[in-house]
$ cat structure28.tsv   # TSV, C-alpha atoms and all ligand atoms
chain	number	residue	atom	x	y	z
A	1	MET	CA	115.01	-47.28	-61.81
A	2	LYS	CA	115.12	-46.22	-58.19
A	3	ARG	CA	111.90	-44.22	-57.74
A	4	ILE	CA	108.62	-44.85	-59.60
A	5	ALA	CA	105.71	-42.43	-59.16
A	6	LEU	CA	102.06	-43.35	-59.55
A	7	LEU	CA	98.81	-41.42	-59.81
A	8	THR	CA	95.11	-41.93	-60.42
A	9	SER	CA	93.33	-39.32	-62.50
A	10	GLY	CA	89.95	-38.59	-64.06
A	11	GLY	CA	86.90	-40.46	-62.77
A	12	ASP	CA	87.52	-43.03	-60.04
A	13	SER	CA	86.66	-46.67	-60.64
A	14	PRO	CA	86.50	-49.77	-58.43
A	15	GLY	CA	89.79	-51.67	-58.63
A	16	MET	CA	92.05	-48.59	-58.74
A	17	ASN	CA	93.16	-49.42	-55.18
A	18	ALA	CA	94.01	-52.98	-56.18
A	19	ALA	CA	96.18	-51.54	-58.98
A	20	ILE	CA	97.88	-49.09	-56.59
A	21	ARG	CA	98.57	-51.95	-54.18
A	22	ALA	CA	100.12	-54.07	-56.95
A	23	ILE	CA	102.34	-51.23	-58.20
A	24	VAL	CA	103.57	-50.47	-54.68
A	25	LYS	CA	104.21	-54.12	-53.78
A	26	THR	CA	105.98	-54.88	-57.07
A	27	CYS	CA	108.19	-51.80	-56.66
A	28	LEU	CA	109.10	-52.85	-53.12
A	29	PHE	CA	109.77	-56.41	-54.34
A	30	TYR	CA	112.47	-54.92	-56.64
A	31	ASN	CA	113.79	-52.49	-54.00
A	32	ILE	CA	112.34	-49.52	-55.86
A	33	VAL	CA	110.69	-46.69	-53.90
A	34	PRO	CA	107.06	-46.18	-54.99
A	35	VAL	CA	106.03	-42.53	-54.78
A	36	GLY	CA	102.33	-41.75	-54.55
A	37	ILE	CA	101.13	-38.52	-56.16
A	38	ARG	CA	97.92	-37.23	-54.53
A	39	ASP	CA	94.87	-36.17	-56.56
A	40	GLY	CA	96.19	-36.83	-60.05
A	41	TYR	CA	98.11	-34.14	-61.91
A	42	LYS	CA	97.10	-31.63	-59.25
A	43	GLY	CA	99.47	-33.31	-56.78
A	44	MET	CA	102.24	-33.26	-59.36
A	45	VAL	CA	101.83	-29.49	-59.76
A	46	ASN	CA	101.47	-28.86	-56.00
A	47	ASN	CA	104.40	-31.18	-55.13
A	48	ASP	CA	102.03	-33.35	-53.08
A	49	MET	CA	103.97	-36.64	-53.27
A	50	PHE	CA	104.97	-39.22	-50.65
A	51	ASP	CA	107.12	-42.33	-50.46
A	52	MET	CA	104.84	-45.33	-50.05
A	53	SER	CA	105.37	-48.44	-47.97
A	54	TYR	CA	103.61	-51.75	-47.37
A	55	SER	CA	101.44	-50.24	-44.63
A	56	ASP	CA	99.97	-47.69	-47.09
A	57	VAL	CA	98.42	-50.48	-49.13
A	58	ASP	CA	97.34	-52.82	-46.33
A	59	ASN	CA	93.65	-53.80	-46.52
A	60	ILE	CA	92.76	-51.82	-49.61
A	61	ILE	CA	92.33	-54.51	-52.27
A	62	HIS	CA	88.60	-54.77	-51.54
A	63	THR	CA	87.83	-51.05	-51.39
A	64	GLY	CA	86.39	-48.81	-54.12
A	65	GLY	CA	87.66	-45.32	-54.99
A	66	THR	CA	91.37	-44.48	-54.83
A	67	ILE	CA	93.40	-44.01	-51.64
A	68	ILE	CA	95.72	-41.49	-53.33
A	69	GLY	CA	92.80	-39.41	-54.64
A	70	SER	CA	91.87	-38.21	-58.10
A	71	SER	CA	90.93	-34.92	-59.67
A	72	ARG	CA	90.38	-33.15	-62.92
A	73	CYS	CA	93.29	-30.70	-63.24
A	74	LEU	CA	92.55	-28.57	-66.29
A	75	GLU	CA	95.61	-26.32	-65.69
A	76	PHE	CA	97.76	-29.32	-66.66
A	77	LYS	CA	96.83	-28.61	-70.27
A	78	GLU	CA	98.97	-25.45	-70.03
A	79	LYS	CA	102.70	-25.73	-70.63
A	80	GLU	CA	103.69	-23.36	-67.79
A	81	THR	CA	101.82	-25.58	-65.33
A	82	ARG	CA	103.46	-28.71	-66.67
A	83	LEU	CA	106.89	-27.07	-66.27
A	84	ILE	CA	106.17	-26.75	-62.53
A	85	ALA	CA	105.17	-30.42	-62.46
A	86	ILE	CA	108.39	-31.40	-64.26
A	87	LYS	CA	110.47	-29.43	-61.75
A	88	ASN	CA	108.69	-31.24	-58.89
A	89	LEU	CA	109.21	-34.67	-60.46
A	90	LYS	CA	112.92	-33.91	-60.91
A	91	GLU	CA	113.23	-32.68	-57.32
A	92	ASN	CA	111.66	-35.96	-56.15
A	93	LEU	CA	114.14	-37.90	-58.32
A	94	ILE	CA	111.34	-39.72	-60.18
A	95	ASP	CA	112.66	-42.14	-62.83
A	96	GLY	CA	109.34	-43.46	-64.20
A	97	LEU	CA	105.61	-42.88	-63.92
A	98	VAL	CA	102.52	-45.10	-63.91
A	99	VAL	CA	99.18	-43.37	-64.55
A	100	ILE	CA	95.80	-44.99	-63.97
A	101	GLY	CA	92.85	-43.35	-65.72
A	102	GLY	CA	91.18	-42.75	-69.06
A	103	ASP	CA	92.22	-41.18	-72.34
A	104	GLY	CA	92.50	-37.67	-70.84
A	105	THR	CA	94.95	-39.02	-68.27
A	106	PHE	CA	96.93	-40.72	-71.05
A	107	THR	CA	97.07	-37.48	-73.05
A	108	GLY	CA	98.56	-35.64	-70.07
A	109	ALA	CA	101.09	-38.45	-69.51
A	110	THR	CA	102.15	-38.56	-73.16
A	111	ILE	CA	102.74	-34.81	-73.34
A	112	LEU	CA	104.63	-34.91	-70.04
A	113	SER	CA	106.79	-37.78	-71.27
A	114	SER	CA	107.73	-35.98	-74.48
A	115	GLU	CA	108.53	-32.74	-72.65
A	116	MET	CA	110.48	-34.29	-69.77
A	117	GLY	CA	111.78	-37.50	-71.30
A	118	ILE	CA	110.36	-39.54	-68.42
A	119	PRO	CA	109.03	-43.04	-69.29
A	120	VAL	CA	105.30	-43.49	-68.62
A	121	ILE	CA	103.02	-46.52	-68.55
A	122	GLY	CA	99.21	-46.24	-68.64
A	123	ILE	CA	96.67	-48.50	-66.96
A	124	PRO	CA	93.06	-48.14	-68.17
A	125	GLY	CA	90.86	-47.31	-65.18
A	126	THR	CA	87.28	-46.26	-65.94
A	127	ILE	CA	83.88	-47.86	-65.53
A	128	ASP	CA	82.97	-46.84	-69.09
A	129	ASN	CA	85.17	-49.48	-70.82
A	130	ASP	CA	85.62	-47.01	-73.69
A	131	ILE	CA	89.39	-47.31	-74.08
A	132	TYR	CA	90.92	-48.68	-77.27
A	133	GLY	CA	93.43	-51.52	-76.80
A	134	THR	CA	91.77	-53.50	-74.04
A	135	ASP	CA	88.81	-55.85	-73.70
A	136	HIS	CA	88.23	-54.59	-70.16
A	137	THR	CA	89.10	-51.46	-68.23
A	138	ILE	CA	89.48	-51.64	-64.45
A	139	GLY	CA	86.10	-50.99	-62.82
A	140	TYR	CA	83.84	-51.87	-65.73
A	141	ASP	CA	82.96	-55.35	-64.51
A	142	THR	CA	82.07	-54.07	-61.04
A	143	ALA	CA	79.95	-51.23	-62.44
A	144	LEU	CA	78.13	-53.63	-64.75
A	145	ASN	CA	77.30	-55.90	-61.82
A	146	THR	CA	76.12	-52.91	-59.77
A	147	VAL	CA	73.79	-51.89	-62.60
A	148	ILE	CA	72.41	-55.40	-62.99
A	149	SER	CA	71.62	-55.75	-59.30
A	150	ALA	CA	69.86	-52.34	-59.35
A	151	VAL	CA	67.84	-53.26	-62.45
A	152	ASP	CA	66.81	-56.58	-60.85
A	153	LYS	CA	65.40	-54.65	-57.90
A	154	ILE	CA	63.55	-52.16	-60.10
A	155	ARG	CA	62.05	-55.04	-62.07
A	156	ASP	CA	60.23	-56.20	-58.94
A	157	THR	CA	58.28	-52.92	-58.89
A	158	ALA	CA	57.94	-52.78	-62.68
A	159	SER	CA	56.24	-56.16	-62.78
A	160	SER	CA	54.16	-55.68	-59.63
A	161	HIS	CA	52.78	-52.32	-60.79
A	162	HIS	CA	52.82	-52.98	-64.56
A	163	ARG	CA	55.15	-50.08	-65.20
A	164	ILE	CA	57.59	-49.21	-67.98
A	165	PHE	CA	60.91	-48.12	-66.46
A	166	PHE	CA	63.49	-46.14	-68.44
A	167	ILE	CA	66.70	-46.76	-66.49
A	168	GLU	CA	69.59	-44.43	-67.31
A	169	VAL	CA	73.07	-45.86	-66.84
A	170	MET	CA	76.58	-44.37	-67.06
A	171	GLY	CA	79.11	-44.94	-69.83
A	172	ARG	CA	79.77	-41.43	-71.15
A	173	HIS	CA	79.87	-41.63	-74.97
A	174	ALA	CA	79.96	-45.43	-75.06
A	175	GLY	CA	77.23	-48.05	-74.68
A	176	PHE	CA	79.23	-50.89	-73.08
A	177	ILE	CA	77.48	-50.76	-69.72
A	178	ALA	CA	74.05	-50.23	-71.30
A	179	ILE	CA	74.20	-52.98	-73.89
A	180	ASN	CA	75.63	-55.62	-71.57
A	181	ALA	CA	73.38	-54.63	-68.67
A	182	ALA	CA	70.43	-55.04	-71.04
A	183	VAL	CA	71.51	-58.56	-72.02
A	184	ALA	CA	72.30	-59.60	-68.45
A	185	SER	CA	69.17	-58.17	-66.84
A	186	GLY	CA	66.79	-59.37	-69.55
A	187	ALA	CA	65.79	-55.80	-70.44
A	188	GLU	CA	63.16	-55.30	-73.10
A	189	SER	CA	65.13	-52.66	-74.99
A	190	VAL	CA	68.29	-50.56	-74.91
A	191	LEU	CA	69.33	-47.20	-76.32
A	192	ILE	CA	73.05	-46.67	-76.87
A	193	PRO	CA	75.09	-43.77	-78.32
A	194	GLU	CA	76.42	-45.95	-81.16
A	195	GLU	CA	72.99	-46.37	-82.73
A	196	VAL	CA	70.40	-43.86	-83.96
A	197	PRO	CA	67.25	-44.73	-82.03
A	198	ASP	CA	63.93	-45.34	-83.78
A	199	LEU	CA	61.32	-44.10	-81.31
A	200	ASN	CA	58.36	-45.37	-83.36
A	201	LYS	CA	59.84	-48.85	-83.27
A	202	LEU	CA	60.43	-48.54	-79.53
A	203	VAL	CA	56.83	-47.49	-78.95
A	204	ALA	CA	55.51	-50.35	-81.12
A	205	GLN	CA	57.70	-52.78	-79.24
A	206	ILE	CA	56.51	-51.57	-75.83
A	207	GLN	CA	52.90	-51.84	-76.98
A	208	HIS	CA	53.45	-55.32	-78.38
A	209	GLN	CA	55.48	-56.60	-75.42
A	210	ASN	CA	52.97	-55.40	-72.92
A	211	LYS	CA	50.04	-57.27	-74.44
A	212	GLY	CA	51.30	-60.27	-72.52
A	213	LYS	CA	53.82	-59.05	-69.96
A	214	ARG	CA	52.57	-55.63	-68.88
A	215	SER	CA	55.92	-54.28	-67.71
A	216	SER	CA	59.15	-53.34	-69.43
A	217	ILE	CA	62.69	-52.33	-68.59
A	218	ILE	CA	64.33	-50.01	-71.13
A	219	ILE	CA	68.03	-49.38	-70.50
A	220	VAL	CA	69.12	-45.89	-71.58
A	221	ALA	CA	72.82	-45.06	-71.95
A	222	GLU	CA	73.62	-41.57	-70.63
A	223	GLY	CA	75.25	-40.67	-73.95
A	224	GLU	CA	72.42	-41.86	-76.21
A	225	GLN	CA	71.12	-39.45	-78.79
A	226	GLU	CA	67.66	-38.58	-77.40
A	227	GLY	CA	68.96	-36.78	-74.30
A	228	GLY	CA	68.44	-39.25	-71.44
A	229	SER	CA	65.59	-41.11	-69.73
A	230	LEU	CA	63.45	-38.10	-68.77
A	231	GLU	CA	63.67	-36.57	-72.23
A	232	LEU	CA	62.82	-39.92	-73.79
A	233	ILE	CA	59.72	-40.29	-71.67
A	234	ASN	CA	58.62	-36.79	-72.69
A	235	LYS	CA	58.98	-37.78	-76.34
A	236	VAL	CA	57.25	-41.17	-76.25
A	237	SER	CA	54.52	-40.60	-73.64
A	238	PRO	CA	52.03	-39.02	-76.11
A	239	MET	CA	52.27	-42.25	-78.12
A	240	LEU	CA	51.91	-44.48	-75.06
A	241	GLU	CA	48.74	-43.29	-73.41
A	242	GLY	CA	47.55	-45.58	-70.65
A	243	PHE	CA	51.07	-46.78	-69.87
A	244	ASP	CA	52.75	-45.87	-66.57
A	245	LEU	CA	56.22	-44.63	-67.63
A	246	ARG	CA	58.90	-44.00	-64.97
A	247	PRO	CA	62.46	-42.62	-65.30
A	248	THR	CA	65.28	-43.79	-63.01
A	249	VAL	CA	68.80	-42.39	-63.15
A	250	LEU	CA	71.16	-44.77	-61.36
A	251	GLY	CA	73.89	-42.12	-60.96
A	252	HIS	CA	77.04	-42.44	-58.91
A	253	ILE	CA	76.24	-45.73	-57.18
A	254	GLN	CA	77.67	-47.16	-60.41
A	255	ARG	CA	81.15	-45.71	-59.78
A	256	GLY	CA	81.65	-46.90	-56.21
A	257	GLY	CA	81.68	-50.05	-54.15
A	258	SER	CA	83.90	-53.03	-53.56
A	259	PRO	CA	85.54	-54.26	-56.80
A	260	SER	CA	84.51	-57.63	-58.24
A	261	ALA	CA	86.93	-60.57	-58.25
A	262	PHE	CA	87.46	-59.93	-61.97
A	263	ASP	CA	88.48	-56.29	-61.42
A	264	ARG	CA	90.74	-57.12	-58.46
A	265	ILE	CA	92.62	-59.74	-60.47
A	266	LEU	CA	92.85	-57.58	-63.60
A	267	ALA	CA	94.06	-54.58	-61.57
A	268	THR	CA	96.64	-56.64	-59.68
A	269	ARG	CA	98.03	-58.09	-62.91
A	270	MET	CA	98.10	-54.74	-64.72
A	271	GLY	CA	99.66	-52.88	-61.77
A	272	SER	CA	102.47	-55.38	-61.42
A	273	PHE	CA	103.05	-55.54	-65.19
A	274	ALA	CA	103.37	-51.74	-65.34
A	275	VAL	CA	106.44	-51.87	-63.08
A	276	GLU	CA	107.90	-54.74	-65.11
A	277	LEU	CA	107.48	-52.69	-68.32
A	278	LEU	CA	109.29	-49.70	-66.81
A	279	LEU	CA	112.11	-51.99	-65.68
A	280	ASP	CA	112.24	-53.35	-69.23
A	281	GLY	CA	112.84	-49.82	-70.57
A	282	GLN	CA	109.40	-49.39	-72.15
A	283	ASN	CA	107.76	-45.98	-72.56
A	284	SER	CA	104.40	-44.52	-73.63
A	285	ILE	CA	102.66	-47.88	-73.47
A	286	MET	CA	99.18	-48.76	-72.23
A	287	ILE	CA	98.48	-52.15	-70.74
A	288	GLY	CA	95.33	-53.88	-71.95
A	289	SER	CA	93.65	-57.25	-71.76
A	290	SER	CA	92.80	-59.59	-74.62
A	291	GLY	CA	90.96	-62.66	-73.43
A	292	ASP	CA	92.96	-63.83	-70.43
A	293	ASN	CA	96.23	-62.27	-71.65
A	294	LEU	CA	97.78	-58.91	-70.92
A	295	ILE	CA	98.75	-57.00	-74.05
A	296	THR	CA	100.31	-53.60	-74.77
A	297	THR	CA	99.25	-50.75	-77.07
A	298	SER	CA	100.94	-47.40	-77.65
A	299	LEU	CA	99.43	-44.64	-75.53
A	300	GLU	CA	99.02	-42.70	-78.75
A	301	ALA	CA	96.74	-45.37	-80.24
A	302	ALA	CA	94.81	-45.67	-76.97
A	303	MET	CA	94.21	-41.90	-77.04
A	304	LYS	CA	93.32	-41.55	-80.71
A	305	LEU	CA	91.26	-44.64	-81.45
A	306	HIS	CA	87.88	-45.55	-80.03
A	307	SER	CA	86.47	-48.74	-78.70
A	308	VAL	CA	82.87	-49.68	-79.46
A	309	PRO	CA	80.73	-52.42	-77.96
A	310	ASP	CA	79.87	-55.50	-79.98
A	311	LEU	CA	76.64	-54.52	-81.75
A	312	ASP	CA	75.79	-58.20	-82.35
A	313	ARG	CA	74.50	-58.01	-78.77
A	314	LEU	CA	71.56	-56.00	-80.12
A	315	VAL	CA	70.64	-58.93	-82.36
A	316	LEU	CA	70.98	-61.26	-79.38
A	317	LEU	CA	68.71	-59.00	-77.35
A	318	LYS	CA	66.12	-59.04	-80.13
A	319	LYS	CA	66.09	-62.84	-80.16
A	320	MET	CA	65.52	-62.85	-76.40
A	321	LEU	CA	62.54	-60.52	-76.82
A	322	THR	CA	60.65	-61.95	-79.73
A	323	ARG	CA	57.17	-62.77	-78.48
A	324	PHE	CA	54.60	-64.30	-80.81
B	401	LIG	P1	89.94	-39.42	-68.06
B	401	LIG	O1	91.37	-39.70	-67.81
B	401	LIG	O2	89.04	-40.31	-67.27
B	401	LIG	O3	89.61	-39.38	-69.56
B	401	LIG	P2	89.84	-36.49	-68.02
B	401	LIG	O4	89.51	-36.35	-69.45
B	401	LIG	O5	89.14	-35.61	-67.04
B	401	LIG	O6	89.60	-37.98	-67.46
B	401	LIG	O7	91.40	-36.26	-67.86
B	401	LIG	C1	92.03	-36.39	-66.60
B	401	LIG	C2	93.11	-35.35	-66.47
B	401	LIG	O8	94.13	-35.55	-67.45
B	401	LIG	C3	92.68	-33.90	-66.68
B	401	LIG	O9	92.03	-33.36	-65.56
B	401	LIG	C4	94.00	-33.23	-66.96
B	401	LIG	O10	94.72	-33.03	-65.75
B	401	LIG	C5	94.74	-34.31	-67.78
B	401	LIG	N1	94.57	-34.01	-69.22
B	401	LIG	C6	93.49	-34.30	-69.98
B	401	LIG	N2	93.66	-33.82	-71.25
B	401	LIG	C7	94.86	-33.24	-71.28
B	401	LIG	C8	95.64	-32.54	-72.29
B	401	LIG	N3	95.17	-32.36	-73.53
B	401	LIG	N4	96.84	-32.06	-71.92
B	401	LIG	C9	97.32	-32.22	-70.69
B	401	LIG	N5	96.65	-32.85	-69.70
B	401	LIG	C10	95.45	-33.35	-69.98
$ encode --input "structure28.tsv" --output "structure tokens" --more "lines below"
Ligand code: ADP
Amino acid sequence: MKRIALLTSGGDSPGMNAAIRAIVKTCLFYNIVPVGIRDGYKGMVNNDMFDMSYSDVDNIIHTGGTIIGSSRCLEFKEKETRLIAIKNLKENLIDGLVVIGGDGTFTGATILSSEMGIPVIGIPGTIDNDIYGTDHTIGYDTALNTVISAVDKIRDTASSHHRIFFIEVMGRHAGFIAINAAVASGAESVLIPEEVPDLNKLVAQIQHQNKGKRSSIIIVAEGEQEGGSLELINKVSPMLEGFDLRPTVLGHIQRGGSPSAFDRILATRMGSFAVELLLDGQNSIMIGSSGDNLITTSLEAAMKLHSVPDLDRLVLLKKMLTRF
């Protein structure tokens, strides 16, 4: 292996830069040239690639986003477009590829690998934590902490003004952020995509809770089945007359910011391991974490299977809320 290319694709997540830094430094450690591809598969198609050096990754471990850029490149789903990308990779003498992203990114990499014969390694980078084959994706821990600190702030107003806040958090079709933010922020309830919500129960709970406390935080996953925080309020407000209900959508503050220590360490370990796997002759593998260990899963399994949060957390939440 003389030249290893790397790209970030799909939604950005905090810690992607730490992973880029680790890939580049590990390549240089082994006298391999790391080649950065700008803006995901778009840069592969447009031949927007550059040889990277130590100075490219100086002072980036603590920054959010991705220094090489990301994009959604839908044309990459077409074979003619991928043939252009393959020509560009060959012209740049690329021997192996590391992709950082979610399951869409892994699908693109797997197809590319089968068509070109190039070995690819995937690193899970998304705040949603919805990738099969890993306990944690890069960025999830930071996003969770961002959500918790926002909810703590909103609670000040909720309790001062006796309000019921419905706080919508990211996570796409998965409830990892929502369920764990609810446990960690002491929320009164949570709605996640993995569970059919019972609005009558929710209303009864808010009524019961507020006999003593007179404020509530309800965490609403963006992918839950009622259509989001505003829609939920529209549905329950006729049953909650006299209550002051407020929606808050946290939005993109959840995707940015300086990565947590956990994400920096995970990203550094995964980035370096990706280069080691390529040197070891591996292909179509995703790196994951299990406890404190790094593990590997086939990219195929990571793409096809789904990861769901531990629903025992709902039982835990209920125990924290019981109020006699
Ligand atoms: P994520 O990687 O976070 O799941 P996307 O689903 O947007 O994000 O996928 C990122 C990129 O991966 C897409 O913009 C596209 O370039 C590539 N990709 C996704 N699905 C496919 C596919 N079926 N074939 C080829 N490329 C794909």
$ residues_near_ligand --input "structure28.tsv" --ligand "ligand LIG 401 (chain B)" --cutoff "6 Å" --atoms "all atoms listed in the file" --output "ChimeraX atom specification"
/A:9-11,41,72-74,76-77,101-105,107-108
$ atom_distance --input "structure28.tsv" --atom1 "atom CA of A:Gly175" --atom2 "atom CA of A:Ser189"
13.0 Å
$ residues_around --input "structure28.tsv" --residues "A:Met52" --least-positions-apart "2" --cutoff "7 Å" --atoms "all atoms listed in the file" --output "ChimeraX atom specification"
/A:34-36,50,56
$ write_last_selection --input "structure28.tsv" --atoms "C-alpha atoms" --output "compact mmCIF listing (two decimals), keeping the file's coordinate frame"
# COMPACT_ATOMS: atom_id res chain seq x y z
CA PRO A 34 107.06 -46.18 -54.99
CA VAL A 35 106.03 -42.53 -54.78
CA GLY A 36 102.33 -41.75 -54.55
CA PHE A 50 104.97 -39.22 -50.65
CA ASP A 56 99.97 -47.69 -47.09
$ closest_atom_pairs --input "structure28.tsv" --of "stretch 92-144 of chain A" --to "stretch 272-278 of chain A" --cutoff "12 Å" --atoms "only C-alpha atoms" --output "JSON lines"
{"residue": "A:Asp95", "atom": "CA", "partner": "A:Leu278", "partner_atom": "CA", "distance": 9.2}
{"residue": "A:Gly96", "atom": "CA", "partner": "A:Leu278", "partner_atom": "CA", "distance": 6.8}
{"residue": "A:Leu97", "atom": "CA", "partner": "A:Leu278", "partner_atom": "CA", "distance": 8.3}
{"residue": "A:Val98", "atom": "CA", "partner": "A:Ala274", "partner_atom": "CA", "distance": 6.8}
{"residue": "A:Val99", "atom": "CA", "partner": "A:Ala274", "partner_atom": "CA", "distance": 9.4}
{"residue": "A:Ile100", "atom": "CA", "partner": "A:Ala274", "partner_atom": "CA", "distance": 10.2}
{"residue": "A:Ile118", "atom": "CA", "partner": "A:Leu278", "partner_atom": "CA", "distance": 10.3}
{"residue": "A:Pro119", "atom": "CA", "partner": "A:Leu278", "partner_atom": "CA", "distance": 7.1}
{"residue": "A:Val120", "atom": "CA", "partner": "A:Leu278", "partner_atom": "CA", "distance": 7.6}
{"residue": "A:Ile121", "atom": "CA", "partner": "A:Ala274", "partner_atom": "CA", "distance": 6.1}
{"residue": "A:Gly122", "atom": "CA", "partner": "A:Ala274", "partner_atom": "CA", "distance": 7.6}
{"residue": "A:Ile123", "atom": "CA", "partner": "A:Ala274", "partner_atom": "CA", "distance": 7.6}
{"residue": "A:Pro124", "atom": "CA", "partner": "A:Ala274", "partner_atom": "CA", "distance": 11.3}
$ write_last_selection --input "structure28.tsv" --atoms "C-alpha atoms" --output "PDB file, in the frame of the given file"
ATOM      1  CA  ASP A  95     112.660 -42.140 -62.830  1.00  0.00           C
ATOM      2  CA  GLY A  96     109.340 -43.460 -64.200  1.00  0.00           C
ATOM      3  CA  LEU A  97     105.610 -42.880 -63.920  1.00  0.00           C
ATOM      4  CA  VAL A  98     102.520 -45.100 -63.910  1.00  0.00           C
ATOM      5  CA  VAL A  99      99.180 -43.370 -64.550  1.00  0.00           C
ATOM      6  CA  ILE A 100      95.800 -44.990 -63.970  1.00  0.00           C
ATOM      7  CA  ILE A 118     110.360 -39.540 -68.420  1.00  0.00           C
ATOM      8  CA  PRO A 119     109.030 -43.040 -69.290  1.00  0.00           C
ATOM      9  CA  VAL A 120     105.300 -43.490 -68.620  1.00  0.00           C
ATOM     10  CA  ILE A 121     103.020 -46.520 -68.550  1.00  0.00           C
ATOM     11  CA  GLY A 122      99.210 -46.240 -68.640  1.00  0.00           C
ATOM     12  CA  ILE A 123      96.670 -48.500 -66.960  1.00  0.00           C
ATOM     13  CA  PRO A 124      93.060 -48.140 -68.170  1.00  0.00           C
TER      14      PRO A 124
END
$ closest_residue --input "structure28.tsv" --among "A:Lys319, A:His252, A:Arg313, A:His208" --to "A:Ile192" --atoms "only C-alpha atoms"
A:Arg313
$ residues_around --input "structure28.tsv" --residues "A:Asn200" --least-positions-apart "2" --cutoff "12 Å" --atoms "only C-alpha atoms" --output "list in words"
Pro197, Asp198, Leu202, Val203, Ala204, Gln205, Ile206, Gln207, Leu232, Lys235, Val236, Ser237, Pro238, Met239 and Leu240 of chain A
$ write_last_selection --input "structure28.tsv" --atoms "C-alpha atoms" --output "PDB file, in the frame of the given file"
ATOM      1  CA  PRO A 197      67.250 -44.730 -82.030  1.00  0.00           C
ATOM      2  CA  ASP A 198      63.930 -45.340 -83.780  1.00  0.00           C
ATOM      3  CA  LEU A 202      60.430 -48.540 -79.530  1.00  0.00           C
ATOM      4  CA  VAL A 203      56.830 -47.490 -78.950  1.00  0.00           C
ATOM      5  CA  ALA A 204      55.510 -50.350 -81.120  1.00  0.00           C
ATOM      6  CA  GLN A 205      57.700 -52.780 -79.240  1.00  0.00           C
ATOM      7  CA  ILE A 206      56.510 -51.570 -75.830  1.00  0.00           C
ATOM      8  CA  GLN A 207      52.900 -51.840 -76.980  1.00  0.00           C
ATOM      9  CA  LEU A 232      62.820 -39.920 -73.790  1.00  0.00           C
ATOM     10  CA  LYS A 235      58.980 -37.780 -76.340  1.00  0.00           C
ATOM     11  CA  VAL A 236      57.250 -41.170 -76.250  1.00  0.00           C
ATOM     12  CA  SER A 237      54.520 -40.600 -73.640  1.00  0.00           C
ATOM     13  CA  PRO A 238      52.030 -39.020 -76.110  1.00  0.00           C
ATOM     14  CA  MET A 239      52.270 -42.250 -78.120  1.00  0.00           C
ATOM     15  CA  LEU A 240      51.910 -44.480 -75.060  1.00  0.00           C
TER      16      LEU A 240
END
$ closest_residue --input "structure28.tsv" --among "A:Tyr132, A:Thr157, A:Lys25, A:Ile84" --to "A:Ser298" --atoms "all atoms listed in the file"
A:Tyr132
